[in-house]
Amino acid sequence: MPEDSGTAQRPGVDRRTTKLAIVGAGSVGSTMAYAALMRGVARTVALYDINAAKVQAEVLDLGHGIQFMPMANVVGSDDLAVCADADVVVVTAGAKQKPGQSRLDLAQATISLVKGLLPQLVEVAPNAVFIMVTNPVDIVTYAALKYSGLPAGHMFGSGTVLDSSRLRYLIGEHCNVAVQNVHAYIAGEHGDSEIPLWSSASVGGVPLMEWRGVKSGNGPFDERTREAITTEVIDSAYRIIAGKGATNYAIGLAGSRIIEAVLKDEKRVLPVSSLLEDYYGISDVCLSVPSVVGRLGVESQLEVPMSDAELAGLRASAASMRQVAKAFGL
């Protein structure tokens, strides 16, 4: 029964509310909650964290600002029951990388955390779409699928949505155009082996490989320019982490945009990380490719045109992820 059942409901009016649960109230989780509230994504935002004092403090801080946002209810707890009946569950919690710890070690620690957490989350929110926003996201998403038993489309990772945003930002700067007029994707692993899909990129309808520059632009996208932008996309996270300790604003915004695509059933094309099955012959691995995201999660994956080099890079990423999965017995 609707929460406001005391009021007569007019025929044809849908009073169903939406609930977003965010697991982990650290810098990424709390920033994502803030971004989601500012966008008016969900009517209820629930935060879960094992640190009771931290999660309650975040809820109070966010709640005190609700006057200046679209109306919503903010709740939080160190009890997983706070996530009950969520429409979308975003998992930002993960092991923190220690000095000298390899990415493989980090993956093992986060996978162990997810193994214990996911079945409990599915139990309290069985109808939710789950979005993994914790690194290394591709292998963690693959593990989460195995442990949760959810349909493939209902469990996916944030993937290269942020990386693609960085790519578009840099292309927009080079061309001196608004980033909203740039269409370009990063595919593959969210990491050092990610692949810019230059062959399908465009600016204002002009294929990027045909961009010759205009009076306000910086000239063509030659190989040197593309290499410099690719390096900047890959290295930017390291620069941010070196300067402030973590990335949170852009991933918070990126995450809130993915959540919105799900809750509003937008059928938006986003490069999220999901299970590939015969995608250009690639199967049984989670990688990012342009995908249609709606109320059912990842509803389809688009086989965008790729150059031979791009396709080879995607297959190399898949081979690398399979090796990591095998190392963890997945």
# chains A, B, ... in the order shown; residues from 1 in each chain; ligands from 1
>>> select_by_dssp(residues="region 46-202 of chain A", states="helix (DSSP H, G or I)", output="PyMOL selection string")
chain A and resi 52-63+66-68+80-83+103-124+137-148+152-154+161-175+179-181+198-200
>>> residues_around(residues="region 312-316 of chain A", least_positions_apart="6", cutoff="8 Å", atoms="only C-alpha atoms", output="short mmCIF file (atom, residue, chain, number, x, y, z; two decimals) with N, CA, C and O atoms, in the first residue's frame")
data_model
loop_
_atom_site.label_atom_id
_atom_site.label_comp_id
_atom_site.auth_asym_id
_atom_site.auth_seq_id
_atom_site.Cartn_x
_atom_site.Cartn_y
_atom_site.Cartn_z
N ALA A 187 36.15 1.93 -23.57
CA ALA A 187 35.65 0.56 -23.41
C ALA A 187 36.71 -0.30 -22.73
O ALA A 187 37.85 0.11 -22.53
N GLY A 188 36.31 -1.53 -22.37
CA GLY A 188 37.24 -2.48 -21.77
C GLY A 188 37.32 -2.37 -20.27
O GLY A 188 36.36 -2.00 -19.59
N SER A 193 44.43 -0.58 -18.99
CA SER A 193 44.29 -1.15 -20.33
C SER A 193 43.01 -0.69 -21.04
O SER A 193 42.63 -1.25 -22.07
N GLU A 194 42.35 0.33 -20.50
CA GLU A 194 41.11 0.80 -21.13
C GLU A 194 41.38 1.35 -22.53
O GLU A 194 42.49 1.80 -22.84
N ILE A 195 40.32 1.33 -23.37
CA ILE A 195 40.49 1.62 -24.79
C ILE A 195 39.57 2.75 -25.23
O ILE A 195 38.33 2.59 -25.18
N ILE A 282 33.40 -12.29 -27.57
CA ILE A 282 33.90 -12.26 -26.18
C ILE A 282 32.79 -12.69 -25.24
O ILE A 282 31.67 -12.16 -25.30
#
>>> select_by_dssp(residues="region 138-278 of chain A", states="strand (DSSP E or B)", output="list in words")
Met155, Phe156, Gly157, Val182, His183, Ile186, Ala187, Gly188, Ile195, Pro196, Ser202, Val203, Val206, Pro207, Arg268, Val269, Leu270, Ser273, Ser274, Leu275 and Leu276 of chain A
>>> atom_distance(atom1="CA of Val129 (chain A)", atom2="CA of Leu311 (chain A)")
29.2 Å
>>> residues_around(residues="Gln120 (chain A)", least_positions_apart="4", cutoff="12 Å", atoms="only C-alpha atoms", output="PDB file with N, CA and C atoms, in the first residue's frame")
ATOM      1  N   VAL A  23      25.575   1.538  -0.149  1.00  0.00           N
ATOM      2  CA  VAL A  23      26.339   0.757   0.819  1.00  0.00           C
ATOM      3  C   VAL A  23      27.755   1.327   0.890  1.00  0.00           C
ATOM      4  N   ASP A  79      22.800  -1.110  10.276  1.00  0.00           N
ATOM      5  CA  ASP A  79      22.014  -2.343  10.106  1.00  0.00           C
ATOM      6  C   ASP A  79      21.582  -2.422   8.642  1.00  0.00           C
ATOM      7  N   LEU A  80      21.885  -3.550   7.981  1.00  0.00           N
ATOM      8  CA  LEU A  80      21.549  -3.711   6.566  1.00  0.00           C
ATOM      9  C   LEU A  80      20.054  -3.592   6.289  1.00  0.00           C
ATOM     10  N   ALA A  81      19.234  -3.719   7.305  1.00  0.00           N
ATOM     11  CA  ALA A  81      17.795  -3.590   7.117  1.00  0.00           C
ATOM     12  C   ALA A  81      17.411  -2.228   6.555  1.00  0.00           C
ATOM     13  N   VAL A  82      18.283  -1.235   6.698  1.00  0.00           N
ATOM     14  CA  VAL A  82      17.997   0.094   6.167  1.00  0.00           C
ATOM     15  C   VAL A  82      17.877   0.067   4.643  1.00  0.00           C
ATOM     16  N   CYS A  83      18.448  -0.960   4.009  1.00  0.00           N
ATOM     17  CA  CYS A  83      18.410  -1.096   2.549  1.00  0.00           C
ATOM     18  C   CYS A  83      17.171  -1.844   2.062  1.00  0.00           C
ATOM     19  N   ALA A  84      16.299  -2.264   2.978  1.00  0.00           N
ATOM     20  CA  ALA A  84      15.156  -3.110   2.624  1.00  0.00           C
ATOM     21  C   ALA A  84      14.292  -2.481   1.548  1.00  0.00           C
ATOM     22  N   LEU A 113      35.007  -9.239   0.849  1.00  0.00           N
ATOM     23  CA  LEU A 113      33.990  -8.404   1.472  1.00  0.00           C
ATOM     24  C   LEU A 113      32.646  -8.580   0.750  1.00  0.00           C
ATOM     25  N   VAL A 114      32.703  -8.550  -0.589  1.00  0.00           N
ATOM     26  CA  VAL A 114      31.488  -8.673  -1.403  1.00  0.00           C
ATOM     27  C   VAL A 114      30.841 -10.044  -1.215  1.00  0.00           C
ATOM     28  N   LYS A 115      31.665 -11.076  -1.078  1.00  0.00           N
ATOM     29  CA  LYS A 115      31.145 -12.443  -0.916  1.00  0.00           C
ATOM     30  C   LYS A 115      30.251 -12.551   0.306  1.00  0.00           C
ATOM     31  N   GLY A 116      30.633 -11.879   1.384  1.00  0.00           N
ATOM     32  CA  GLY A 116      29.834 -11.932   2.597  1.00  0.00           C
ATOM     33  C   GLY A 116      28.641 -10.987   2.570  1.00  0.00           C
ATOM     34  N   VAL A 124      17.480  -8.619   1.543  1.00  0.00           N
ATOM     35  CA  VAL A 124      16.648  -7.500   2.008  1.00  0.00           C
ATOM     36  C   VAL A 124      16.103  -6.663   0.847  1.00  0.00           C
ATOM     37  N   ALA A 125      16.760  -6.726  -0.311  1.00  0.00           N
ATOM     38  CA  ALA A 125      16.297  -5.960  -1.475  1.00  0.00           C
ATOM     39  C   ALA A 125      16.286  -6.866  -2.706  1.00  0.00           C
ATOM     40  N   PRO A 126      15.418  -7.882  -2.733  1.00  0.00           N
ATOM     41  CA  PRO A 126      15.447  -8.897  -3.778  1.00  0.00           C
ATOM     42  C   PRO A 126      15.091  -8.397  -5.170  1.00  0.00           C
ATOM     43  N   TYR A 147      28.252 -14.548  -6.714  1.00  0.00           N
ATOM     44  CA  TYR A 147      27.818 -14.722  -5.333  1.00  0.00           C
ATOM     45  C   TYR A 147      26.352 -14.347  -5.117  1.00  0.00           C
ATOM     46  N   SER A 148      25.825 -13.467  -5.952  1.00  0.00           N
ATOM     47  CA  SER A 148      24.460 -12.983  -5.741  1.00  0.00           C
ATOM     48  C   SER A 148      23.406 -13.876  -6.367  1.00  0.00           C
ATOM     49  N   GLY A 149      23.763 -14.524  -7.474  1.00  0.00           N
ATOM     50  CA  GLY A 149      22.788 -15.330  -8.196  1.00  0.00           C
ATOM     51  C   GLY A 149      21.780 -14.509  -8.978  1.00  0.00           C
TER      52      GLY A 149
END
>>> closest_residue(among="A:Val88, A:Val28, A:Ile240, A:Ala178", to="Leu296 (chain A)", atoms="only C-alpha atoms")
A:Val88
>>> residues_around(residues="Val179 (chain A)", least_positions_apart="4", cutoff="6 Å", atoms="only C-alpha atoms", output="ChimeraX atom specification")
/A:168-169,172
>>> write_last_selection(atoms="N, CA, C and O atoms", output="PDB file, in the first residue's frame")
ATOM      1  N   ARG A 168      35.615  12.803 -22.852  1.00  0.00           N
ATOM      2  CA  ARG A 168      34.793  13.829 -23.507  1.00  0.00           C
ATOM      3  C   ARG A 168      35.212  15.230 -23.071  1.00  0.00           C
ATOM      4  O   ARG A 168      35.214  16.162 -23.873  1.00  0.00           O
ATOM      5  N   TYR A 169      35.542  15.368 -21.796  1.00  0.00           N
ATOM      6  CA  TYR A 169      36.004  16.663 -21.280  1.00  0.00           C
ATOM      7  C   TYR A 169      37.253  17.132 -22.026  1.00  0.00           C
ATOM      8  O   TYR A 169      37.349  18.297 -22.456  1.00  0.00           O
ATOM      9  N   GLY A 172      36.456  17.974 -25.674  1.00  0.00           N
ATOM     10  CA  GLY A 172      35.776  19.258 -25.718  1.00  0.00           C
ATOM     11  C   GLY A 172      36.742  20.422 -25.550  1.00  0.00           C
ATOM     12  O   GLY A 172      36.626  21.442 -26.236  1.00  0.00           O
TER      13      GLY A 172
END
>>> atom_distance(atom1="CA of Ala72 (chain A)", atom2="CA of His154 (chain A)")
24.8 Å
>>> residues_around(residues="Lys264 (chain A)", least_positions_apart="6", cutoff="12 Å", atoms="only C-alpha atoms", output="number ranges by chain")
A: 17-18, 40-42, 87-88, 256-258, 293-297
>>> write_last_selection(atoms="C-alpha atoms", output="PDB file, in the first residue's frame")
ATOM      1  CA  THR A  17       7.959   6.046  -4.459  1.00  0.00           C
ATOM      2  CA  THR A  18      11.557   5.172  -5.293  1.00  0.00           C
ATOM      3  CA  GLY A  40      16.088  14.515  -7.249  1.00  0.00           C
ATOM      4  CA  VAL A  41      16.794  10.953  -8.331  1.00  0.00           C
ATOM      5  CA  ALA A  42      14.945   9.099  -5.560  1.00  0.00           C
ATOM      6  CA  ASP A  87      14.838  -0.177  -6.071  1.00  0.00           C
ATOM      7  CA  VAL A  88      18.553   0.387  -6.638  1.00  0.00           C
ATOM      8  CA  SER A 256      23.980   9.406  -9.743  1.00  0.00           C
ATOM      9  CA  ARG A 257      23.536   9.615 -13.515  1.00  0.00           C
ATOM     10  CA  ILE A 258      23.561   5.807 -13.809  1.00  0.00           C
ATOM     11  CA  VAL A 293      20.512   1.137 -19.204  1.00  0.00           C
ATOM     12  CA  GLY A 294      16.918   1.239 -17.975  1.00  0.00           C
ATOM     13  CA  ARG A 295      14.611   0.000 -15.244  1.00  0.00           C
ATOM     14  CA  LEU A 296      15.776  -3.592 -15.680  1.00  0.00           C
ATOM     15  CA  GLY A 297      19.451  -2.623 -15.446  1.00  0.00           C
TER      16      GLY A 297
END
>>> residues_around(residues="region 272-274 of chain A", least_positions_apart="3", cutoff="6 Å", atoms="only C-alpha atoms", output="list in words")
Phe156, Gly157, Ser158, Gly159, Cys286, Leu287 and Ser288 of chain A
>>> atom_distance(atom1="CA of Glu299 (chain A)", atom2="CA of Val90 (chain A)")
17.8 Å
>>> residues_around(residues="Tyr279 (chain A)", least_positions_apart="6", cutoff="9 Å", atoms="only C-alpha atoms", output="ChimeraX atom specification")
/A:301-303
